[in-house]
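K.L.:
This is work19.txt (compact mmCIF, C-alpha atoms).
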```txt
# COMPACT_ATOMS: atom_id res chain seq x y z
CA MET A 1 -11.51 6.66 42.43
CA GLY A 2 -12.84 9.06 39.79
CA LYS A 3 -9.38 9.56 38.37
CA LYS A 4 -8.75 5.84 38.13
CA LYS A 5 -11.99 5.40 36.26
CA SER A 6 -11.01 7.98 33.66
CA SER A 7 -7.53 6.58 33.02
CA VAL A 8 -6.62 4.67 29.88
CA SER A 9 -3.89 2.00 30.01
CA LYS A 10 -0.87 1.94 27.71
CA ARG A 11 -2.05 -1.33 26.19
CA ALA A 12 -5.42 0.25 25.47
CA TRP A 13 -3.72 3.05 23.54
CA VAL A 14 -1.74 0.48 21.53
CA ILE A 15 -4.95 -1.31 20.56
CA ILE A 16 -6.61 1.99 19.70
CA PHE A 17 -3.61 2.84 17.50
CA LEU A 18 -3.99 -0.48 15.68
CA LEU A 19 -7.69 0.21 15.21
CA PHE A 20 -6.75 3.64 13.88
CA LEU A 21 -4.49 1.93 11.33
CA LEU A 22 -7.37 -0.41 10.49
CA THR A 23 -9.57 2.52 9.50
CA VAL A 24 -6.66 4.08 7.58
CA ILE A 25 -6.28 0.94 5.45
CA SER A 26 -10.03 0.40 5.06
CA ASN A 27 -10.66 3.91 3.78
CA ALA A 28 -7.60 3.92 1.54
CA ASP A 29 -9.09 0.78 -0.04
CA LYS A 30 -12.40 2.58 -0.53
CA ALA A 31 -10.77 5.71 -1.95
CA ILE A 32 -8.80 4.01 -4.73
CA VAL A 33 -11.83 3.62 -6.96
CA GLY A 34 -12.51 7.37 -6.78
CA PHE A 35 -8.89 8.30 -7.53
CA ALA A 36 -8.82 5.86 -10.44
CA SER A 37 -12.30 6.69 -11.78
CA VAL A 38 -11.11 8.39 -14.98
CA PRO A 39 -8.66 5.67 -16.18
CA ILE A 40 -11.01 2.83 -15.15
CA MET A 41 -13.97 4.42 -16.97
CA LYS A 42 -11.85 4.95 -20.08
CA GLU A 43 -10.38 1.43 -20.10
CA LEU A 44 -13.69 -0.36 -19.50
CA GLY A 45 -15.81 2.10 -21.48
CA LEU A 46 -18.17 2.94 -18.61
CA SER A 47 -20.86 5.65 -18.65
CA PRO A 48 -21.45 7.97 -15.65
CA GLU A 49 -24.54 5.96 -14.66
CA GLN A 50 -22.55 2.71 -14.78
CA TRP A 51 -19.88 4.30 -12.64
CA GLY A 52 -22.57 5.27 -10.17
CA VAL A 53 -23.51 1.57 -10.01
CA VAL A 54 -19.85 0.71 -9.30
CA GLY A 55 -19.92 3.06 -6.33
CA SER A 56 -23.25 1.76 -5.06
CA VAL A 57 -22.72 -2.01 -5.28
CA PHE A 58 -19.83 -1.72 -2.84
CA PHE A 59 -22.50 -1.33 -0.15
CA LEU A 60 -24.82 -4.05 -1.44
CA LEU A 61 -23.66 -6.61 1.17
CA TYR A 62 -22.02 -4.00 3.41
CA SER A 63 -25.14 -3.65 5.59
CA LEU A 64 -25.69 -7.39 5.99
CA SER A 65 -22.06 -8.08 6.84
CA ALA A 66 -22.02 -5.19 9.34
CA VAL A 67 -24.92 -6.76 11.26
CA LEU A 68 -23.49 -10.29 11.07
CA GLY A 69 -19.99 -9.13 11.99
CA GLY A 70 -21.23 -7.19 15.02
CA SER A 71 -23.29 -10.14 16.28
CA LEU A 72 -20.42 -12.58 15.69
CA ALA A 73 -17.99 -10.34 17.56
CA ASP A 74 -20.29 -10.34 20.59
CA LYS A 75 -20.11 -14.16 20.58
CA ILE A 76 -16.51 -15.06 19.67
CA GLY A 77 -14.63 -11.79 20.18
CA ALA A 78 -13.66 -8.91 17.91
CA LYS A 79 -10.06 -10.07 17.41
CA LYS A 80 -10.92 -13.08 15.24
CA VAL A 81 -13.68 -11.34 13.30
CA ILE A 82 -11.51 -8.33 12.50
CA ALA A 83 -8.60 -10.52 11.32
CA GLY A 84 -10.85 -12.55 9.04
CA MET A 85 -12.47 -9.44 7.67
CA VAL A 86 -9.15 -7.83 6.71
CA ALA A 87 -7.98 -11.08 5.09
CA VAL A 88 -11.08 -11.13 2.86
CA TRP A 89 -10.73 -7.60 1.61
CA SER A 90 -6.96 -7.88 1.08
CA ILE A 91 -7.43 -10.96 -1.12
CA VAL A 92 -10.05 -9.08 -3.16
CA GLN A 93 -7.61 -6.21 -3.75
CA PHE A 94 -5.21 -8.66 -5.40
CA SER A 95 -7.99 -10.02 -7.61
CA THR A 96 -8.32 -6.67 -9.38
CA ILE A 97 -5.28 -7.69 -11.46
CA PHE A 98 -7.73 -9.73 -13.54
CA VAL A 99 -10.51 -7.13 -13.87
CA SER A 100 -11.27 -6.62 -17.58
CA SER A 101 -15.02 -5.93 -17.68
CA PHE A 102 -17.80 -4.01 -15.97
CA SER A 103 -19.29 -7.21 -14.53
CA TYR A 104 -15.98 -8.40 -13.05
CA LEU A 105 -15.41 -4.98 -11.51
CA LEU A 106 -18.86 -5.12 -9.89
CA VAL A 107 -18.13 -8.54 -8.39
CA THR A 108 -14.88 -7.32 -6.81
CA ARG A 109 -16.62 -4.27 -5.36
CA ILE A 110 -19.46 -6.34 -3.88
CA ILE A 111 -17.05 -8.78 -2.18
CA LEU A 112 -14.82 -5.94 -0.98
CA GLY A 113 -17.86 -4.23 0.55
CA ALA A 114 -18.87 -7.45 2.30
CA GLY A 115 -15.36 -7.75 3.75
CA GLU A 116 -15.22 -4.14 4.92
CA GLY A 117 -18.82 -3.93 6.16
CA PRO A 118 -18.15 -4.72 9.84
CA SER A 119 -14.84 -2.83 10.05
CA TYR A 120 -15.97 0.54 11.37
CA ALA A 121 -18.59 -0.86 13.74
CA LEU A 122 -16.13 -3.40 15.16
CA ALA A 123 -13.42 -0.78 15.53
CA MET A 124 -15.83 1.50 17.43
CA THR A 125 -17.07 -1.39 19.58
CA ALA A 126 -13.58 -2.60 20.47
CA ALA A 127 -12.34 0.92 21.23
CA SER A 128 -15.37 1.78 23.39
CA LYS A 129 -14.65 -1.18 25.66
CA TYR A 130 -11.26 0.29 26.56
CA LEU A 131 -12.41 3.85 27.22
CA PRO A 132 -14.10 5.61 30.16
CA LYS A 133 -17.16 7.52 28.99
CA GLU A 134 -15.62 10.90 29.83
CA LYS A 135 -13.00 10.21 27.12
CA LEU A 136 -15.25 8.38 24.70
CA GLY A 137 -15.59 11.20 22.17
CA ILE A 138 -11.88 11.83 21.69
CA GLY A 139 -11.04 8.12 22.03
CA LEU A 140 -13.44 7.08 19.29
CA THR A 141 -12.23 10.01 17.22
CA MET A 142 -8.66 8.70 17.38
CA VAL A 143 -9.98 5.57 15.66
CA SER A 144 -12.40 7.38 13.35
CA VAL A 145 -9.88 9.91 12.00
CA GLY A 146 -8.05 6.99 10.45
CA GLY A 147 -10.81 7.18 7.83
CA PRO A 148 -10.16 10.67 6.49
CA LEU A 149 -6.44 10.42 7.26
CA GLY A 150 -6.33 7.17 5.34
CA VAL A 151 -7.64 9.00 2.30
CA ALA A 152 -5.48 12.09 2.86
CA ILE A 153 -2.25 10.13 3.45
CA SER A 154 -2.85 7.66 0.67
CA ALA A 155 -4.12 10.19 -1.89
CA PRO A 156 -0.74 11.41 -3.25
CA ILE A 157 0.76 7.91 -3.03
CA LEU A 158 -2.14 6.19 -4.77
CA MET A 159 -2.47 8.95 -7.37
CA HIS A 160 1.24 8.56 -8.15
CA LEU A 161 0.90 4.79 -8.50
CA ILE A 162 -2.18 5.13 -10.71
CA MET A 163 -0.60 7.72 -13.00
CA SER A 164 2.81 6.02 -13.15
CA TYR A 165 2.08 2.29 -13.04
CA GLY A 166 -1.62 1.94 -13.83
CA TRP A 167 -4.67 1.78 -11.57
CA ARG A 168 -4.23 -1.91 -10.67
CA SER A 169 -0.94 -1.17 -8.89
CA ALA A 170 -2.77 0.88 -6.25
CA PHE A 171 -5.11 -2.02 -5.43
CA ILE A 172 -2.21 -4.46 -5.11
CA THR A 173 -0.33 -2.12 -2.78
CA THR A 174 -3.23 -1.80 -0.34
CA GLY A 175 -3.68 -5.59 -0.40
CA VAL A 176 -0.08 -6.05 0.76
CA VAL A 177 -0.51 -3.47 3.53
CA GLY A 178 -3.65 -5.28 4.70
CA PHE A 179 -1.85 -8.58 5.16
CA LEU A 180 0.99 -6.89 7.06
CA TRP A 181 -1.57 -5.33 9.43
CA ILE A 182 -3.12 -8.76 10.14
CA LEU A 183 0.24 -10.14 11.28
CA VAL A 184 0.74 -7.29 13.76
CA TRP A 185 -2.87 -7.49 14.98
CA LEU A 186 -2.71 -11.24 15.69
CA TRP A 187 0.59 -10.75 17.50
CA ILE A 188 -0.45 -7.84 19.76
CA ALA A 189 -4.21 -8.15 20.32
CA LYS A 190 -5.16 -10.58 23.07
CA GLU A 191 -8.53 -12.06 23.98
CA LYS A 192 -9.64 -11.22 27.51
CA THR A 193 -12.57 -12.76 29.33
CA VAL A 194 -14.90 -10.82 31.58
CA THR A 195 -14.25 -11.35 35.29
CA ASP A 196 -16.94 -12.28 37.81
CA THR A 197 -16.73 -8.78 39.30
CA GLU A 198 -17.26 -7.19 35.90
CA LEU A 199 -20.22 -9.48 35.20
CA ALA A 200 -21.74 -8.52 38.54
CA THR A 201 -21.28 -4.83 37.77
CA GLU A 202 -22.91 -5.27 34.39
CA LYS A 203 -25.76 -7.24 35.92
CA ASP A 204 -26.43 -4.51 38.45
CA SER A 205 -26.36 -1.87 35.73
CA SER A 206 -28.78 -3.90 33.62
CA GLN A 207 -31.19 -4.08 36.55
CA ILE A 208 -31.01 -0.33 36.98
CA VAL A 209 -31.87 0.53 33.39
CA SER A 210 -34.50 -2.24 33.18
CA ASN A 211 -36.36 -2.54 29.88
CA GLU A 212 -34.79 0.63 28.46
CA SER A 213 -31.52 -1.24 27.93
CA LYS A 214 -33.04 -4.17 26.06
CA PHE A 215 -31.62 -4.43 22.60
CA THR A 216 -34.88 -4.71 20.68
CA SER A 217 -36.34 -1.75 22.54
CA ALA A 218 -33.33 0.40 21.66
CA LEU A 219 -33.21 -0.81 18.06
CA PHE A 220 -36.77 0.28 17.32
CA SER A 221 -36.64 3.44 19.37
CA LYS A 222 -37.05 6.89 17.86
CA ASN A 223 -33.60 7.82 19.17
CA PHE A 224 -31.79 5.01 17.34
CA ILE A 225 -33.77 5.43 14.11
CA PHE A 226 -33.06 9.16 13.86
CA VAL A 227 -29.36 8.72 14.66
CA ALA A 228 -29.18 5.99 11.99
CA LEU A 229 -30.92 8.28 9.46
CA CYS A 230 -28.34 10.93 10.29
CA GLY A 231 -25.70 8.28 9.56
CA PHE A 232 -27.49 7.53 6.27
CA ALA A 233 -27.08 11.19 5.28
CA THR A 234 -23.44 11.11 6.36
CA TYR A 235 -22.65 8.08 4.22
CA TRP A 236 -24.46 9.61 1.24
CA SER A 237 -22.09 12.57 1.59
CA PHE A 238 -19.06 10.40 2.41
CA THR A 239 -19.42 8.14 -0.63
CA ILE A 240 -20.00 11.07 -2.98
CA GLY A 241 -16.68 12.43 -1.73
CA LEU A 242 -14.97 9.07 -2.32
CA ASN A 243 -16.48 8.17 -5.70
CA TRP A 244 -17.29 11.45 -7.41
CA LEU A 245 -15.40 14.44 -5.98
CA PRO A 246 -12.06 13.67 -7.74
CA ASN A 247 -14.00 13.15 -10.99
CA TYR A 248 -15.80 16.48 -10.54
CA LEU A 249 -12.58 18.37 -9.86
CA GLU A 250 -10.86 16.85 -12.89
CA ASN A 251 -13.65 16.87 -15.49
CA VAL A 252 -15.76 19.87 -14.46
CA ARG A 253 -13.31 22.17 -12.67
CA HIS A 254 -10.45 21.01 -14.97
CA LEU A 255 -7.72 20.94 -12.34
CA SER A 256 -4.27 19.84 -13.49
CA GLU A 257 -2.80 16.52 -12.38
CA GLY A 258 -0.34 18.26 -10.06
CA THR A 259 -3.06 20.36 -8.44
CA LEU A 260 -5.42 17.40 -8.23
CA LYS A 261 -2.90 15.33 -6.26
CA ILE A 262 -2.89 18.02 -3.57
CA VAL A 263 -6.54 19.07 -3.63
CA VAL A 264 -8.06 15.56 -3.34
CA ALA A 265 -6.40 15.23 0.07
CA LEU A 266 -7.72 18.56 1.39
CA PRO A 267 -11.24 17.54 2.54
CA TRP A 268 -9.90 14.45 4.30
CA ILE A 269 -7.38 16.52 6.25
CA MET A 270 -10.19 18.90 7.16
CA ILE A 271 -12.37 15.98 8.30
CA THR A 272 -9.57 14.79 10.57
CA LEU A 273 -9.15 18.19 12.18
CA SER A 274 -12.89 18.80 12.54
CA GLN A 275 -13.53 15.42 14.17
CA ILE A 276 -10.79 16.04 16.71
CA ILE A 277 -12.09 19.54 17.45
CA PHE A 278 -15.78 18.67 17.68
CA SER A 279 -15.22 15.47 19.67
CA THR A 280 -13.07 17.39 22.17
CA ILE A 281 -15.82 19.99 22.53
CA SER A 282 -18.37 17.20 22.88
CA ASP A 283 -16.35 15.41 25.59
CA ARG A 284 -15.97 18.61 27.59
CA LEU A 285 -19.69 19.35 27.38
CA TYR A 286 -20.52 15.76 28.29
CA HIS A 287 -18.12 15.79 31.24
CA LYS A 288 -19.58 19.09 32.44
CA THR A 289 -23.28 18.34 31.95
CA LYS A 290 -23.36 14.50 32.15
CA SER A 291 -25.97 14.78 29.39
CA VAL A 292 -25.79 13.00 26.04
CA VAL A 293 -28.21 15.58 24.64
CA LYS A 294 -26.13 18.62 25.56
CA GLY A 295 -22.78 16.89 25.13
CA ARG A 296 -23.36 14.92 21.90
CA ILE A 297 -26.60 15.77 20.10
CA PHE A 298 -26.30 19.55 20.41
CA VAL A 299 -22.91 19.24 18.68
CA LEU A 300 -24.02 16.81 15.97
CA GLY A 301 -27.11 18.69 14.76
CA PRO A 302 -25.62 22.14 14.06
CA VAL A 303 -22.53 20.67 12.39
CA MET A 304 -24.70 18.62 10.01
CA LEU A 305 -26.67 21.75 9.09
CA ALA A 306 -23.44 23.62 8.37
CA GLY A 307 -22.47 20.79 6.01
CA ALA A 308 -25.83 21.10 4.24
CA VAL A 309 -25.32 24.81 3.57
CA SER A 310 -21.78 24.22 2.27
CA TYR A 311 -22.92 21.54 -0.18
CA PHE A 312 -25.82 23.66 -1.43
CA PHE A 313 -23.60 26.55 -2.49
CA GLY A 314 -20.43 24.58 -3.32
CA ALA A 315 -21.35 23.66 -6.90
CA MET A 316 -22.97 27.03 -7.67
CA VAL A 317 -19.96 29.30 -7.30
CA SER A 318 -17.78 30.08 -10.33
CA SER A 319 -14.48 30.30 -8.44
CA ASN A 320 -12.57 27.01 -8.34
CA ILE A 321 -10.98 27.92 -5.03
CA LEU A 322 -14.31 28.77 -3.40
CA ALA A 323 -15.92 25.62 -4.82
CA ILE A 324 -13.11 23.46 -3.41
CA VAL A 325 -13.43 25.12 0.01
CA LEU A 326 -17.23 24.84 0.19
CA LEU A 327 -17.42 21.25 -1.07
CA SER A 328 -14.61 20.27 1.28
CA LEU A 329 -16.51 21.85 4.16
CA GLY A 330 -19.70 20.07 3.11
CA LEU A 331 -17.92 16.73 3.12
CA THR A 332 -16.11 17.63 6.36
CA PHE A 333 -19.15 18.63 8.39
CA GLY A 334 -21.28 15.88 6.86
CA CYS A 335 -18.96 13.21 8.27
CA ILE A 336 -19.43 14.19 11.93
CA THR A 337 -21.95 11.37 12.53
CA LEU A 338 -19.16 8.83 12.12
CA VAL A 339 -17.87 10.01 15.52
CA MET A 340 -20.95 11.34 17.31
CA GLY A 341 -23.21 8.46 16.24
CA PRO A 342 -21.26 5.64 17.94
CA ALA A 343 -20.73 7.82 21.03
CA ILE A 344 -24.48 8.40 21.34
CA LEU A 345 -25.23 4.69 20.88
CA VAL A 346 -23.08 3.78 23.88
CA ASP A 347 -25.75 5.51 25.97
CA LEU A 348 -28.63 3.57 24.40
CA VAL A 349 -27.83 -0.07 25.21
CA SER A 350 -25.89 -2.13 27.74
CA HIS A 351 -22.36 -3.36 27.20
CA LYS A 352 -23.32 -6.84 26.01
CA HIS A 353 -25.27 -5.42 23.05
CA GLN A 354 -22.69 -2.90 21.82
CA GLY A 355 -21.46 -5.04 18.92
CA LYS A 356 -25.00 -5.57 17.62
CA ILE A 357 -26.19 -1.97 18.01
CA GLN A 358 -23.06 -0.59 16.31
CA GLY A 359 -23.45 -3.19 13.57
CA TRP A 360 -27.08 -2.21 12.95
CA PHE A 361 -26.09 1.45 12.97
CA MET A 362 -23.51 0.87 10.24
CA ALA A 363 -25.95 -1.35 8.34
CA LEU A 364 -28.55 1.40 8.10
CA THR A 365 -25.93 4.12 7.71
CA SER A 366 -24.27 2.39 4.77
CA LEU A 367 -27.54 2.34 2.82
CA GLY A 368 -26.65 5.94 2.02
CA GLY A 369 -23.59 4.55 0.28
CA ILE A 370 -25.81 2.40 -1.95
CA VAL A 371 -28.11 5.22 -3.02
CA GLY A 372 -25.82 8.28 -3.10
CA PRO A 373 -23.25 7.29 -5.75
CA TYR A 374 -25.90 5.90 -8.13
CA VAL A 375 -28.18 8.94 -7.83
CA THR A 376 -25.17 11.18 -8.48
CA GLY A 377 -24.27 9.22 -11.61
CA TYR A 378 -27.90 9.35 -12.78
CA PHE A 379 -28.00 13.14 -12.42
CA ILE A 380 -24.70 13.55 -14.29
CA GLU A 381 -25.78 11.37 -17.21
CA HIS A 382 -29.32 12.73 -17.57
CA SER A 383 -28.77 16.44 -16.93
CA ALA A 384 -28.09 19.07 -19.59
CA SER A 385 -24.37 18.91 -18.74
CA PRO A 386 -22.09 17.13 -16.26
CA ALA A 387 -21.71 20.43 -14.38
CA ALA A 388 -25.48 20.74 -14.00
CA GLY A 389 -25.74 17.11 -12.93
CA PHE A 390 -23.10 17.56 -10.24
CA GLN A 391 -24.84 20.71 -9.02
CA HIS A 392 -28.17 18.89 -8.63
CA ALA A 393 -26.45 15.95 -6.89
CA PHE A 394 -24.54 18.14 -4.42
CA GLN A 395 -27.64 20.17 -3.57
CA LEU A 396 -29.70 17.01 -3.01
CA CYS A 397 -26.98 15.77 -0.66
CA GLY A 398 -27.19 19.08 1.20
CA LEU A 399 -30.96 18.73 1.54
CA ILE A 400 -30.61 15.23 3.00
CA LEU A 401 -28.03 16.45 5.53
CA LEU A 402 -30.36 19.31 6.45
CA VAL A 403 -33.43 17.15 7.02
CA PHE A 404 -31.85 14.27 8.94
CA GLY A 405 -29.41 16.46 10.86
CA GLY A 406 -32.33 18.66 11.89
CA LEU A 407 -34.36 15.64 13.02
CA VAL A 408 -31.54 14.45 15.28
CA TRP A 409 -31.04 17.92 16.73
CA LEU A 410 -34.73 18.41 17.48
CA ALA A 411 -36.00 14.92 18.33
CA VAL A 412 -33.29 12.61 19.76
CA ARG A 413 -33.63 12.64 23.54
CA PRO A 414 -32.20 9.61 25.41
CA LYS A 415 -33.43 9.46 29.00
CA GLU A 416 -30.90 10.80 31.47
CA SER A 417 -31.69 7.95 33.85
CA GLU A 418 -30.74 5.61 31.05
CA ASN A 419 -27.41 7.40 30.68
CA SER A 420 -26.54 7.22 34.36
CA GLY A 421 -27.53 3.58 34.56
CA LEU A 422 -25.19 2.70 31.74
CA LEU A 423 -22.36 4.92 32.94
CA ASN A 424 -20.18 2.10 34.14
CA ALA A 425 -21.43 -0.72 31.94
CA ASN A 426 -19.26 -0.25 28.90
CA THR A 427 -15.72 -0.21 30.20
CA SER A 428 -15.14 -3.79 31.23
CA LYS A 429 -14.84 -6.41 28.50
CA VAL A 430 -12.17 -5.89 25.88
CA LEU A 431 -11.26 -7.94 22.84
```
What would you get if you wrote out this structure as structure tokens?

P.N.:
Amino acid sequence: MGKKKSSVSKRAWVIIFLLFLLTVISNADKAIVGFASVPIMKELGLSPEQWGVVGSVFFLLYSLSAVLGGSLADKIGAKKVIAGMVAVWSIVQFSTIFVSSFSYLLVTRIILGAGEGPSYALAMTAASKYLPKEKLGIGLTMVSVGGPLGVAISAPILMHLIMSYGWRSAFITTGVVGFLWILVWLWIAKEKTVTDTELATEKDSSQIVSNESKFTSALFSKNFIFVALCGFATYWSFTIGLNWLPNYLENVRHLSEGTLKIVVALPWIMITLSQIIFSTISDRLYHKTKSVVKGRIFVLGPVMLAGAVSYFFGAMVSSNILAIVLLSLGLTFGCITLVMGPAILVDLVSHKHQGKIQGWFMALTSLGGIVGPYVTGYFIEHSASPAAGFQHAFQLCGLILLVFGGLVWLAVRPKESENSGLLNANTSKVL
């Protein structure tokens, strides 16, 4: 019986693969603006502070749409919400053909952010409903790594398009890919209702965990707030990597175009490998201890602190190679919450609230994406030199990772009775 519970069907793996492709496309869409930062800034005459605004406004409606998308998915199913979401952001990618001013660029970024806001939360929610908890870490990672892989795979392609055909060509290409993905998704993904047996199981589990599983109780709990703050730090780091790292390597470290095409993909490859490694370690610890603290939190906290140290020293060293390695490690370790966060949240609420709790998590997490890029641009424009500005920005990012990662490590303690009560509640309903 235990073996059957831990198995994952072939259809489930197909859906997880499609969700992996969803995160690939979503993050390639996000990354374009960073790869094209230099030509866009030159063409539109933008200052570093204005470019920081461009990076930040992407997340202006991101939080709201993440919450609304998660709640809507709980009501009508993830399949329809995901399809509509991808259609919105693909249309926006085509609209960049007409971008000719700072204001127009801001509008496209705001709408794109609104379209992509629910994507990660919905992907995590849909995937978690197919997976037994003993395989949750690696299963969610297979979806999550589409993010860094999307950037790594698309980096040389998008950079080639930008340098050869202009920056608008890269946006158009990702728009086409988005529409192709929708066709496959609508063809393969099927809605499935919850059976009476599954509802009875969930009802029994809800009775076991009592008030601890209520959504409002979990939402305002210390555990959720600290995990969300850790996500805030992660997205601060993540969006700096997307919006500013290529600019830093080109304008401060003065890497050649050929070298830049290779180097910009490095941190995203490292993120992919690290998420697979750390989620595998986490799953093994969780399987062995049956404890979310020992299996998830004691992995998340130290990795975040390692990212903080890497960021702090990354902009200080004189060697280009060492700077690339340290900043890549900072970005790599800083992104671990994107996997560990959703896995921890599965233990906080019952199955029926997963869409909402993941949506709220991404809503609060993405606030780091609003603040981080703008603060970085402000430092660059108002410091003695761009190099000094980047150094201050990277060290501030390291400090934020240190504080919030430390808080999670020291203070997040879900009740073990809560974990056992929810053990079987999240593997029933699918799309």

K.L.:
Which residues come within 12 Å of Leu367 of chain A, counting only C-alpha atoms, excluding same-chain residues fewer than 6 positions away, as a ChimeraX atom specification?

P.N.:
/A:55-64,66,113,117,228-239,360-361,373-374

K.L.:
Can you work out which one of A:Val176, A:Ile25, A:Leu338, A:Ala127 has the shortest atom-to-atom distance to Ser154 of chain A, counting all atoms listed in the file?

P.N.:
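Of all the options, A:Ile25 lies closest to Ser154 of chain A.
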
K.L.:
Between A:Gly368, A:Pro148, A:Gly241, A:Pro39, which is the closest to Ser274 of chain A once you count all atoms listed in the file?

P.N.:
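The answer is A:Pro148, which sits nearest to Ser274 of chain A.
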
K.L.:
If I take atom CA of Val227 of chain A and atom CA of Arg413 of chain A, how far is one from the other in Å, to one decimal?

P.N.:
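Rounded to one decimal, the two atoms are 10.6 Å apart.
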
K.L.:
Can you work out which one of A:Leu255, A:Leu131, A:Ala78, A:Gly137 has the shortest atom-to-atom distance to His287 of chain A, counting all atoms listed in the file?

P.N.:
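The closest residue to His287 of chain A is A:Gly137.
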
K.L.:
Could you name the residues that touch Val403 of chain A at 10 Å or less, counting only C-alpha atoms, but leaving out those on the same chain fewer than 4 positions away, as an NGL selection string?

P.N.:
:A and (229-230 or 233 or 304-305 or 308 or 398-399 or 407-408)

K.L.:
Which is closer to Leu285 of chain A than all the others in A:Arg11, A:Phe298, A:Glu49, A:Gln358, using all atoms listed in the file?

P.N.:
A:Phe298

K.L.:
Just how far from atom CA of Leu396 of chain A is atom CA of Ala343 of chain A, in Å to one decimal?

P.N.:
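Computed distance, atom CA of Ala343 of chain A to atom CA of Leu396 of chain A, equals 27.3 Å.
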
K.L.:
For Ser383 of chain A, which of A:Lys352, A:Pro48, A:Trp181, A:Ser90 is the closest residue, counting only C-alpha atoms?

P.N.:
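Ranked by minimum distance to Ser383 of chain A, first place goes to A:Pro48.
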
K.L.:
Counting all atoms listed in the file, what is within 12 Å of Leu105 of chain A, bar same-chain residues fewer than 3 positions away, as number ranges by chain?

P.N.:
A: 33, 40-41, 43-44, 46, 50-51, 53-55, 57-58, 92-93, 95-102, 108-112, 168

K.L.:
Report the distance between atom CA of Phe390 of chain A and atom CA of Thr376 of chain A in Å, rounded to one decimal place.

P.N.:
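Separating atom CA of Phe390 of chain A from atom CA of Thr376 of chain A is a distance of 6.9 Å.
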
K.L.:
Could you list, as a PyMOL selection string, every residue within 10 Å of Thr259 of chain A, counting all atoms listed in the file and ignoring same-chain residues fewer than 5 positions away?

P.N.:
chain A and resi 249-250+254+264
